[in-house]
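Written below as structure tokens is the structure these notes are about.
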Amino acid sequence: MKKVILTGLRPTGNLHIGHYFGAGINYIKYQDNYEFYLEIADIQALTDNFDNPEKVKKNITEITMDLLSIGLDPSKVNFFIQSKISEIAELTVIYSNLVTVSRLQRNPTVKTEIMQKKEIFGNNGESITYGFLGYPVSQAADITAFDGELVPVGDDQLPILEQCREIVRKFNSIYSEVLKEPEQILSNTTRVKGLDGNIKMGKSLNNAIYLIDSDEVIYKKIMSAVTDKSKIKKDDPADPNVCMVYYYHKLIGNKDNTDIVCMECKKGLRGCVDCKKQLIQEMISFLKPIRQKRKYYEQHPEIVENILKEGTFKAKAKAKEQLQKIKKAMKIDYYDF
Ligand code: TRP
Ligand code: SF4
């Protein structure tokens, strides 16, 4: 029997190359070795986008197409939509008795996210919603509804996983040993820096290259990428290690080419404009097969819908079985109606 691996993505925007190198590449490897559930976490996305459900809806298909275009195989990965699995919502309610409010308030991920969302939750988080505070509980339901054993996440999500394990232990000690403690797999060991040199590439930072960016957009973005500021003239020697253009050459280019960029930059043998133009070509060819695949799905929305439908169908069956087991352990499986 293959182990169950499960991860989720909030459908709030398209994937960028940071997602690709930080997580997507690994998903492609997992799909061959595990029973893989990939949750499109629309309910979780609504916790901080409740006033914009249209955005969430649009991004369910966008993110699914992004994931398919990087090479996830729908015959190996169960893509499913969180809101379609009512068992997750039921489990969330059940687990909510096993978590204290103060423990949720102390969760470092929740705390940081409240700080980052000042405009939604106010400076001190005074308008934080019950739903947002409780999202770690709902995420514990996401994982345990499928008997998830391995959970690829970014390091920002580790406190959420820790909280999930606490819920599991509490459940098992009160009722009986039916839940598995999930283990994290750190997915963003390669964290991709932004065009501005920020250690994180992100939508809100406006420093990302998206998988769907057009040639023109890529051109503009790379032309404005941060280089070695001390280099003024074309033939000034510079330090490639403080330059984002070199950084992306290294990320997507082949080693020989990257070595040449490094050497020529240090010796003042290459101008930044030419160097950027070369990177633009590399980036365009790197993204080409991804875009081609995506185009196919864009032209066949019914195929994307079917992938989500079939994945959700299978996920639902699994969650239903798991919920029955859980209710039985709690002895709330009374009556048969
Ligand atoms: N909270 C995760 C994130 O923001 C997304 C997510 C939702 C998730 N449900 C999950 C991750 C279950 C792992 C397992 O990145
Ligand atoms: Fe960066 Fe290339 Fe300019 Fe060197 S020549 S600073 S690597 S853009």
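Here's how to read the names in the structure tokens: chain A, B, ... by the order shown, residue numbers from 1 in each chain, ligand numbers from 1 in the order shown.
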request  = Name the residues, by chain letter and number, that sit within 7 Å of ligand 1 using only C-alpha atoms and all ligand atoms, and give them as a list in words.
outcome  = Leu6, Thr7, Gly8, Leu9, Arg10, Glu39, Ala41, Gln44, Gln139, Asp142, Ile143, Val151, Pro152, Val153, Gly154 and Gln157 of chain A
Please produce an output containing C-alpha atoms for each residue in the selection, written as a tab-separated table (two decimals), in the first residue's frame.
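Full text of selection21.tsv as output:
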```tsv
chain	number	residue	atom	x	y	z
A	6	LEU	CA	-1.64	15.45	0.86
A	7	THR	CA	-1.12	19.11	0.31
A	8	GLY	CA	-3.27	22.14	-0.31
A	9	LEU	CA	-3.07	25.41	-2.16
A	10	ARG	CA	-5.23	28.45	-1.63
A	39	GLU	CA	-6.54	20.09	-2.34
A	41	ALA	CA	-8.39	25.00	-0.60
A	44	GLN	CA	-9.42	28.37	3.40
A	139	GLN	CA	-6.46	22.31	7.96
A	142	ASP	CA	-8.10	18.57	5.50
A	143	ILE	CA	-5.23	16.30	6.40
A	151	VAL	CA	2.32	16.78	4.05
A	152	PRO	CA	4.56	18.92	1.82
A	153	VAL	CA	4.45	22.50	3.07
A	154	GLY	CA	6.55	25.62	3.25
A	157	GLN	CA	3.24	26.24	7.73
```
request  = For Met115 (chain A), please output as number ranges by chain all residues within 8 Å (counting only C-alpha atoms; exclusion window: fewer than 4 positions along the same chain).
outcome  = A: 111, 123-125
inquiry  = List the spatial neighbours of Thr61 (chain A) as a list in words - criterion: any atom at most 10 Å away, only C-alpha atoms, same-chain residues fewer than 4 positions off excluded.
reply    =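 Near Thr61 (chain A), the qualifying residues are Pro11, Asn14, Ile40, Val56, Lys57, Met65, Asp66, Leu67, Tyr297, Glu298, Pro301, Val304, Glu305 and Leu308 of chain A.
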Just to be explicit: take each residue in the selection above, keep all heavy atoms, and write the result as a compact mmCIF listing (two decimals), in the first residue's frame.
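Output file again_5.txt is given in full below:
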```txt
# COMPACT_ATOMS: atom_id res chain seq x y z
N PRO A 11 -6.57 28.93 -3.62
CA PRO A 11 -6.74 29.49 -4.97
C PRO A 11 -6.94 31.00 -4.92
O PRO A 11 -8.06 31.51 -5.00
CB PRO A 11 -7.99 28.77 -5.50
CG PRO A 11 -8.75 28.40 -4.27
CD PRO A 11 -7.78 28.22 -3.15
N ASN A 14 -2.24 33.00 -9.53
CA ASN A 14 -1.50 32.03 -10.35
C ASN A 14 -0.17 31.65 -9.72
O ASN A 14 0.32 32.33 -8.82
CB ASN A 14 -1.25 32.63 -11.74
CG ASN A 14 -2.50 32.63 -12.59
OD1 ASN A 14 -3.16 33.65 -12.73
ND2 ASN A 14 -2.83 31.47 -13.14
N ILE A 40 -7.50 21.92 -3.57
CA ILE A 40 -7.65 23.32 -3.92
C ILE A 40 -8.49 23.91 -2.78
O ILE A 40 -9.70 23.68 -2.69
CB ILE A 40 -8.36 23.50 -5.28
CG1 ILE A 40 -7.72 22.60 -6.37
CG2 ILE A 40 -8.37 24.96 -5.70
CD1 ILE A 40 -6.28 22.90 -6.72
N VAL A 56 -11.80 33.81 -5.80
CA VAL A 56 -11.50 32.43 -5.41
C VAL A 56 -11.98 31.47 -6.50
O VAL A 56 -11.26 30.58 -6.94
CB VAL A 56 -12.15 32.09 -4.05
CG1 VAL A 56 -11.95 30.64 -3.70
CG2 VAL A 56 -11.56 33.00 -2.95
N LYS A 57 -13.19 31.72 -6.98
CA LYS A 57 -13.76 30.85 -8.01
C LYS A 57 -12.87 30.82 -9.26
O LYS A 57 -12.53 29.76 -9.79
CB LYS A 57 -15.16 31.37 -8.38
CG LYS A 57 -15.81 30.54 -9.46
CD LYS A 57 -17.14 31.09 -9.90
CE LYS A 57 -17.62 30.28 -11.10
NZ LYS A 57 -18.70 30.96 -11.81
N MET A 65 -5.00 24.60 -13.74
CA MET A 65 -4.32 24.59 -15.05
C MET A 65 -2.81 24.81 -14.88
O MET A 65 -2.01 24.18 -15.58
CB MET A 65 -4.91 25.66 -15.97
CG MET A 65 -6.29 25.28 -16.47
SD MET A 65 -6.86 26.29 -17.85
CE MET A 65 -7.14 27.86 -17.08
N ASP A 66 -2.43 25.68 -13.95
CA ASP A 66 -1.00 25.89 -13.68
C ASP A 66 -0.35 24.57 -13.25
O ASP A 66 0.73 24.21 -13.73
CB ASP A 66 -0.80 26.91 -12.55
CG ASP A 66 -0.99 28.35 -13.01
OD1 ASP A 66 -1.00 28.60 -14.24
OD2 ASP A 66 -1.13 29.24 -12.15
N LEU A 67 -1.02 23.86 -12.36
CA LEU A 67 -0.44 22.62 -11.83
C LEU A 67 -0.36 21.54 -12.91
O LEU A 67 0.61 20.79 -13.00
CB LEU A 67 -1.27 22.11 -10.64
CG LEU A 67 -1.15 22.96 -9.37
CD1 LEU A 67 -2.28 22.63 -8.40
CD2 LEU A 67 0.21 22.74 -8.69
N TYR A 297 -5.05 22.95 -22.09
CA TYR A 297 -6.12 22.95 -21.08
C TYR A 297 -7.03 24.17 -21.20
O TYR A 297 -8.23 24.09 -20.98
CB TYR A 297 -5.53 22.84 -19.67
CG TYR A 297 -4.96 21.47 -19.41
CD1 TYR A 297 -3.59 21.25 -19.31
CD2 TYR A 297 -5.80 20.36 -19.29
CE1 TYR A 297 -3.06 19.99 -19.08
CE2 TYR A 297 -5.29 19.09 -19.07
CZ TYR A 297 -3.92 18.90 -18.96
OH TYR A 297 -3.41 17.65 -18.76
N GLU A 298 -6.43 25.31 -21.57
CA GLU A 298 -7.25 26.51 -21.76
C GLU A 298 -8.25 26.28 -22.88
O GLU A 298 -9.38 26.76 -22.83
CB GLU A 298 -6.36 27.71 -22.12
CG GLU A 298 -5.67 28.32 -20.91
CD GLU A 298 -4.56 29.29 -21.31
OE1 GLU A 298 -4.32 29.51 -22.51
OE2 GLU A 298 -3.90 29.80 -20.39
N PRO A 301 -11.60 23.50 -21.53
CA PRO A 301 -12.00 23.69 -20.12
C PRO A 301 -12.78 22.51 -19.57
O PRO A 301 -12.76 22.24 -18.37
CB PRO A 301 -12.86 24.96 -20.15
CG PRO A 301 -13.18 25.21 -21.58
CD PRO A 301 -12.12 24.56 -22.40
N VAL A 304 -10.46 20.11 -17.83
CA VAL A 304 -10.07 20.58 -16.50
C VAL A 304 -11.21 20.32 -15.50
O VAL A 304 -10.98 19.82 -14.40
CB VAL A 304 -9.72 22.09 -16.53
CG1 VAL A 304 -9.30 22.59 -15.16
CG2 VAL A 304 -8.62 22.36 -17.55
N GLU A 305 -12.41 20.61 -15.94
CA GLU A 305 -13.56 20.41 -15.06
C GLU A 305 -13.69 18.93 -14.69
O GLU A 305 -13.95 18.58 -13.53
CB GLU A 305 -14.84 20.91 -15.74
CG GLU A 305 -16.03 20.89 -14.79
CD GLU A 305 -17.29 21.49 -15.40
OE1 GLU A 305 -17.19 22.40 -16.23
OE2 GLU A 305 -18.38 21.03 -15.00
N LEU A 308 -11.13 17.85 -12.09
CA LEU A 308 -11.54 18.27 -10.74
C LEU A 308 -12.71 17.42 -10.22
O LEU A 308 -12.75 17.05 -9.05
CB LEU A 308 -11.94 19.75 -10.76
CG LEU A 308 -10.77 20.74 -10.83
CD1 LEU A 308 -11.26 22.14 -11.17
CD2 LEU A 308 -10.02 20.77 -9.50
```
Enumerate as a PDB file with N, CA and C atoms, in the first residue's frame the residues within 8 Å of ligand 2, counting only C-alpha atoms and all ligand atoms.
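File produced: pocket-v2.pdb:
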```
ATOM      1  N   VAL A 226      16.975  43.662 -10.302  1.00  0.00           N
ATOM      2  CA  VAL A 226      18.099  44.287  -9.589  1.00  0.00           C
ATOM      3  C   VAL A 226      19.427  43.646  -9.998  1.00  0.00           C
ATOM      4  N   THR A 227      20.401  44.495 -10.367  1.00  0.00           N
ATOM      5  CA  THR A 227      21.750  44.017 -10.722  1.00  0.00           C
ATOM      6  C   THR A 227      22.759  44.589  -9.724  1.00  0.00           C
ATOM      7  N   ASP A 228      24.036  44.360  -9.970  1.00  0.00           N
ATOM      8  CA  ASP A 228      25.056  44.948  -9.098  1.00  0.00           C
ATOM      9  C   ASP A 228      25.039  46.469  -9.287  1.00  0.00           C
ATOM     10  N   LYS A 229      24.607  47.173  -8.246  1.00  0.00           N
ATOM     11  CA  LYS A 229      24.388  48.625  -8.376  1.00  0.00           C
ATOM     12  C   LYS A 229      25.681  49.404  -8.620  1.00  0.00           C
ATOM     13  N   LYS A 231      27.882  48.733 -10.709  1.00  0.00           N
ATOM     14  CA  LYS A 231      28.272  48.689 -12.128  1.00  0.00           C
ATOM     15  C   LYS A 231      27.546  49.806 -12.868  1.00  0.00           C
ATOM     16  N   LYS A 234      29.195  49.704 -19.145  1.00  0.00           N
ATOM     17  CA  LYS A 234      29.112  48.357 -19.717  1.00  0.00           C
ATOM     18  C   LYS A 234      30.330  47.496 -19.380  1.00  0.00           C
ATOM     19  N   PRO A 237      33.818  45.919 -14.215  1.00  0.00           N
ATOM     20  CA  PRO A 237      33.689  44.586 -13.613  1.00  0.00           C
ATOM     21  C   PRO A 237      32.664  44.642 -12.478  1.00  0.00           C
ATOM     22  N   ALA A 238      31.964  43.539 -12.257  1.00  0.00           N
ATOM     23  CA  ALA A 238      30.916  43.558 -11.226  1.00  0.00           C
ATOM     24  C   ALA A 238      30.876  42.233 -10.475  1.00  0.00           C
ATOM     25  N   ASP A 239      30.009  42.204  -9.460  1.00  0.00           N
ATOM     26  CA  ASP A 239      29.885  40.998  -8.638  1.00  0.00           C
ATOM     27  C   ASP A 239      28.554  40.293  -8.959  1.00  0.00           C
ATOM     28  N   PRO A 240      28.613  39.186  -9.681  1.00  0.00           N
ATOM     29  CA  PRO A 240      27.357  38.507 -10.071  1.00  0.00           C
ATOM     30  C   PRO A 240      26.564  38.006  -8.863  1.00  0.00           C
ATOM     31  N   ASN A 241      27.243  37.808  -7.759  1.00  0.00           N
ATOM     32  CA  ASN A 241      26.535  37.237  -6.600  1.00  0.00           C
ATOM     33  C   ASN A 241      25.576  38.209  -5.918  1.00  0.00           C
ATOM     34  N   VAL A 242      25.622  39.485  -6.303  1.00  0.00           N
ATOM     35  CA  VAL A 242      24.629  40.416  -5.757  1.00  0.00           C
ATOM     36  C   VAL A 242      23.618  40.806  -6.840  1.00  0.00           C
ATOM     37  N   CYS A 243      23.630  40.037  -7.921  1.00  0.00           N
ATOM     38  CA  CYS A 243      22.786  40.382  -9.071  1.00  0.00           C
ATOM     39  C   CYS A 243      21.700  39.337  -9.285  1.00  0.00           C
ATOM     40  N   MET A 244      20.464  39.803  -9.391  1.00  0.00           N
ATOM     41  CA  MET A 244      19.347  38.869  -9.572  1.00  0.00           C
ATOM     42  C   MET A 244      19.340  38.236 -10.961  1.00  0.00           C
ATOM     43  N   VAL A 245      19.920  38.953 -11.926  1.00  0.00           N
ATOM     44  CA  VAL A 245      19.963  38.390 -13.284  1.00  0.00           C
ATOM     45  C   VAL A 245      20.849  37.133 -13.284  1.00  0.00           C
ATOM     46  N   TYR A 246      21.982  37.244 -12.638  1.00  0.00           N
ATOM     47  CA  TYR A 246      22.852  36.067 -12.510  1.00  0.00           C
ATOM     48  C   TYR A 246      22.151  34.954 -11.727  1.00  0.00           C
ATOM     49  N   TYR A 247      21.455  35.360 -10.696  1.00  0.00           N
ATOM     50  CA  TYR A 247      20.729  34.396  -9.852  1.00  0.00           C
ATOM     51  C   TYR A 247      19.749  33.561 -10.684  1.00  0.00           C
ATOM     52  N   VAL A 261      28.647  33.481 -17.831  1.00  0.00           N
ATOM     53  CA  VAL A 261      28.049  34.734 -17.329  1.00  0.00           C
ATOM     54  C   VAL A 261      28.868  35.242 -16.143  1.00  0.00           C
ATOM     55  N   CYS A 262      29.185  34.353 -15.242  1.00  0.00           N
ATOM     56  CA  CYS A 262      29.902  34.710 -14.020  1.00  0.00           C
ATOM     57  C   CYS A 262      31.284  35.285 -14.344  1.00  0.00           C
ATOM     58  N   GLU A 264      32.473  36.453 -17.269  1.00  0.00           N
ATOM     59  CA  GLU A 264      32.435  37.694 -18.056  1.00  0.00           C
ATOM     60  C   GLU A 264      31.996  38.881 -17.212  1.00  0.00           C
ATOM     61  N   CYS A 265      31.090  38.637 -16.280  1.00  0.00           N
ATOM     62  CA  CYS A 265      30.614  39.721 -15.412  1.00  0.00           C
ATOM     63  C   CYS A 265      31.764  40.214 -14.540  1.00  0.00           C
ATOM     64  N   LYS A 266      32.477  39.271 -13.941  1.00  0.00           N
ATOM     65  CA  LYS A 266      33.587  39.639 -13.052  1.00  0.00           C
ATOM     66  C   LYS A 266      34.687  40.397 -13.781  1.00  0.00           C
ATOM     67  N   GLY A 268      34.241  42.271 -16.417  1.00  0.00           N
ATOM     68  CA  GLY A 268      33.744  43.455 -17.133  1.00  0.00           C
ATOM     69  C   GLY A 268      33.604  43.211 -18.624  1.00  0.00           C
ATOM     70  N   LEU A 269      33.368  41.955 -18.993  1.00  0.00           N
ATOM     71  CA  LEU A 269      33.268  41.621 -20.413  1.00  0.00           C
ATOM     72  C   LEU A 269      31.828  41.547 -20.913  1.00  0.00           C
ATOM     73  N   ARG A 270      30.877  41.823 -20.028  1.00  0.00           N
ATOM     74  CA  ARG A 270      29.486  41.806 -20.511  1.00  0.00           C
ATOM     75  C   ARG A 270      28.687  42.964 -19.912  1.00  0.00           C
ATOM     76  N   GLY A 271      27.829  43.510 -20.739  1.00  0.00           N
ATOM     77  CA  GLY A 271      26.965  44.603 -20.267  1.00  0.00           C
ATOM     78  C   GLY A 271      25.688  44.018 -19.677  1.00  0.00           C
ATOM     79  N   CYS A 272      25.086  44.744 -18.768  1.00  0.00           N
ATOM     80  CA  CYS A 272      23.871  44.241 -18.107  1.00  0.00           C
ATOM     81  C   CYS A 272      22.701  44.097 -19.079  1.00  0.00           C
ATOM     82  N   VAL A 273      22.623  45.010 -20.042  1.00  0.00           N
ATOM     83  CA  VAL A 273      21.482  44.931 -20.960  1.00  0.00           C
ATOM     84  C   VAL A 273      21.539  43.628 -21.768  1.00  0.00           C
ATOM     85  N   ASP A 274      22.720  43.328 -22.294  1.00  0.00           N
ATOM     86  CA  ASP A 274      22.871  42.081 -23.062  1.00  0.00           C
ATOM     87  C   ASP A 274      22.635  40.861 -22.173  1.00  0.00           C
ATOM     88  N   CYS A 275      23.144  40.963 -20.958  1.00  0.00           N
ATOM     89  CA  CYS A 275      23.010  39.862 -20.017  1.00  0.00           C
ATOM     90  C   CYS A 275      21.540  39.590 -19.718  1.00  0.00           C
ATOM     91  N   LYS A 276      20.780  40.677 -19.567  1.00  0.00           N
ATOM     92  CA  LYS A 276      19.340  40.548 -19.297  1.00  0.00           C
ATOM     93  C   LYS A 276      18.619  39.975 -20.511  1.00  0.00           C
TER      94      LYS A 276
END
```
key: Those of region 172-317 of chain A in DSSP strand (DSSP E or B), formatted as a PyMOL selection string   = chain A and resi 183-186+210
Write out, as a Markdown table, each residue of region 140-234 of chain A that has an atom at most 10 Å from region 84-107 of chain A, together with the closest pair of atoms and their distance in Å to one decimal, counting only C-alpha atoms, rows going by chain and rising number.
```
| residue | atom | partner | partner_atom | distance |
| --- | --- | --- | --- | --- |
| A:Ala140 | CA | A:Thr92 | CA | 7.7 |
| A:Ala141 | CA | A:Ile88 | CA | 5.5 |
| A:Asp142 | CA | A:Ile88 | CA | 5.9 |
| A:Ile143 | CA | A:Ile88 | CA | 9.0 |
| A:Thr144 | CA | A:Leu91 | CA | 8.8 |
| A:Ala145 | CA | A:Ile88 | CA | 6.4 |
| A:Phe146 | CA | A:Ile88 | CA | 9.5 |
| A:Pro159 | CA | A:Asn107 | CA | 6.4 |
| A:Ile160 | CA | A:Asn107 | CA | 7.4 |
| A:Glu162 | CA | A:Asn107 | CA | 9.4 |
| A:Gln163 | CA | A:Asn107 | CA | 8.0 |
| A:Cys164 | CA | A:Tyr95 | CA | 9.8 |
| A:Glu166 | CA | A:Val99 | CA | 8.6 |
| A:Ile167 | CA | A:Leu98 | CA | 6.3 |
| A:Val168 | CA | A:Tyr95 | CA | 9.0 |
| A:Arg169 | CA | A:Leu98 | CA | 9.9 |
| A:Lys170 | CA | A:Leu98 | CA | 6.8 |
| A:Phe171 | CA | A:Leu98 | CA | 7.3 |
| A:Ile174 | CA | A:Leu98 | CA | 9.7 |
```
request  = Name the residues in contact with region 74-80 of chain A at a cut-off of 9 Å, using only C-alpha atoms, excluding same-chain residues fewer than 4 positions from it; report them as a list in words.
outcome  = Gln31, Asp32, Tyr34, Glu35, Phe36, Tyr37, Leu38, Glu39, Ile40, Ala41, Thr64, Leu68, Lys84, Ile85, Ile307, Leu308, Lys309, Glu310, Gly311, Thr312, Phe313, Lys314, Ala315 and Lys316 of chain A
File dump, residues just selected, N, CA, C and O atoms, as a compact mmCIF listing (two decimals), in the first residue's frame:
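What ended up in again.txt:
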```
# COMPACT_ATOMS: atom_id res chain seq x y z
N GLN A 31 4.20 12.17 -7.27
CA GLN A 31 3.04 11.55 -7.90
C GLN A 31 3.26 10.08 -8.28
O GLN A 31 2.30 9.33 -8.40
N ASP A 32 4.52 9.69 -8.43
CA ASP A 32 4.79 8.30 -8.80
C ASP A 32 4.87 7.36 -7.61
O ASP A 32 4.76 6.16 -7.77
N TYR A 34 3.35 7.89 -4.30
CA TYR A 34 2.38 7.98 -3.21
C TYR A 34 0.95 8.03 -3.74
O TYR A 34 0.73 8.31 -4.92
N GLU A 35 0.02 7.82 -2.84
CA GLU A 35 -1.38 8.12 -3.13
C GLU A 35 -1.52 9.62 -2.85
O GLU A 35 -1.42 10.05 -1.70
N PHE A 36 -1.70 10.41 -3.89
CA PHE A 36 -1.51 11.86 -3.79
C PHE A 36 -2.86 12.60 -3.87
O PHE A 36 -3.58 12.48 -4.85
N TYR A 37 -3.15 13.37 -2.82
CA TYR A 37 -4.34 14.23 -2.81
C TYR A 37 -3.89 15.67 -2.85
O TYR A 37 -3.10 16.10 -2.01
N LEU A 38 -4.39 16.41 -3.84
CA LEU A 38 -4.01 17.81 -3.94
C LEU A 38 -5.27 18.67 -3.78
O LEU A 38 -6.14 18.68 -4.64
N GLU A 39 -5.32 19.33 -2.67
CA GLU A 39 -6.54 20.09 -2.34
C GLU A 39 -6.47 21.52 -2.85
O GLU A 39 -5.51 22.24 -2.56
N ILE A 40 -7.50 21.92 -3.57
CA ILE A 40 -7.65 23.32 -3.92
C ILE A 40 -8.49 23.91 -2.78
O ILE A 40 -9.70 23.68 -2.69
N ALA A 41 -7.79 24.62 -1.89
CA ALA A 41 -8.39 25.00 -0.60
C ALA A 41 -9.21 26.28 -0.71
O ALA A 41 -8.83 27.35 -0.22
N THR A 64 -5.43 25.10 -11.04
CA THR A 64 -5.45 23.72 -11.53
C THR A 64 -4.73 23.64 -12.87
O THR A 64 -3.90 22.74 -13.10
N LEU A 68 -1.38 21.49 -13.76
CA LEU A 68 -1.35 20.51 -14.84
C LEU A 68 -0.25 20.86 -15.84
O LEU A 68 0.43 19.97 -16.36
N LYS A 84 -16.26 21.06 -1.77
CA LYS A 84 -17.14 19.98 -2.24
C LYS A 84 -17.11 18.78 -1.29
O LYS A 84 -17.86 17.84 -1.46
N ILE A 85 -16.19 18.81 -0.32
CA ILE A 85 -16.08 17.68 0.60
C ILE A 85 -16.66 18.12 1.95
O ILE A 85 -15.95 18.65 2.80
N ILE A 307 -11.30 16.69 -14.60
CA ILE A 307 -10.21 16.30 -13.70
C ILE A 307 -10.59 16.65 -12.26
O ILE A 307 -10.41 15.85 -11.34
N LEU A 308 -11.13 17.85 -12.09
CA LEU A 308 -11.54 18.27 -10.74
C LEU A 308 -12.71 17.42 -10.22
O LEU A 308 -12.75 17.05 -9.05
N LYS A 309 -13.58 17.09 -11.14
CA LYS A 309 -14.77 16.32 -10.77
C LYS A 309 -14.36 14.91 -10.33
O LYS A 309 -14.79 14.43 -9.27
N GLU A 310 -13.54 14.27 -11.13
CA GLU A 310 -13.15 12.90 -10.80
C GLU A 310 -12.30 12.83 -9.54
O GLU A 310 -12.48 11.95 -8.69
N GLY A 311 -11.37 13.79 -9.41
CA GLY A 311 -10.53 13.83 -8.21
C GLY A 311 -11.36 14.06 -6.96
O GLY A 311 -11.15 13.43 -5.92
N THR A 312 -12.32 14.97 -7.07
CA THR A 312 -13.18 15.29 -5.93
C THR A 312 -14.04 14.08 -5.56
O THR A 312 -14.26 13.78 -4.39
N PHE A 313 -14.48 13.38 -6.56
CA PHE A 313 -15.31 12.18 -6.37
C PHE A 313 -14.55 11.13 -5.55
O PHE A 313 -15.05 10.59 -4.58
N LYS A 314 -13.30 10.89 -5.96
CA LYS A 314 -12.48 9.90 -5.25
C LYS A 314 -12.15 10.37 -3.84
O LYS A 314 -12.18 9.59 -2.88
N ALA A 315 -11.84 11.66 -3.71
CA ALA A 315 -11.50 12.22 -2.40
C ALA A 315 -12.70 12.11 -1.46
O ALA A 315 -12.57 11.78 -0.28
N LYS A 316 -13.87 12.36 -2.01
CA LYS A 316 -15.10 12.33 -1.21
C LYS A 316 -15.31 10.92 -0.62
O LYS A 316 -15.67 10.77 0.55
```
inquiry  = Going by DSSP on the backbone, which residues of region 65-225 of chain A come out as helix (DSSP H, G or I)? List them as a count of residues only.
reply    = 83
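Atom to atom, CA of Leu287 (chain A) and CA of Asn306 (chain A) stand 25.4 Å apart.
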Closest of A:Lys277, A:Thr47, A:Ile222, A:Val178 to Phe121 (chain A) - atom-to-atom distances counting only C-alpha atoms = A:Thr47
task = Determine the nearest neighbour of Lys327 (chain A) from the options A:Tyr175, A:Tyr30, A:Tyr135, A:Phe21, counting only C-alpha atoms.
result = A:Tyr175
query = What's the 10 Å shell around Glu149 (chain A), counting only C-alpha atoms, without same-chain residues fewer than 4 positions away, as a ChimeraX atom specification?
reply = /A:3-6,143-144,179-184
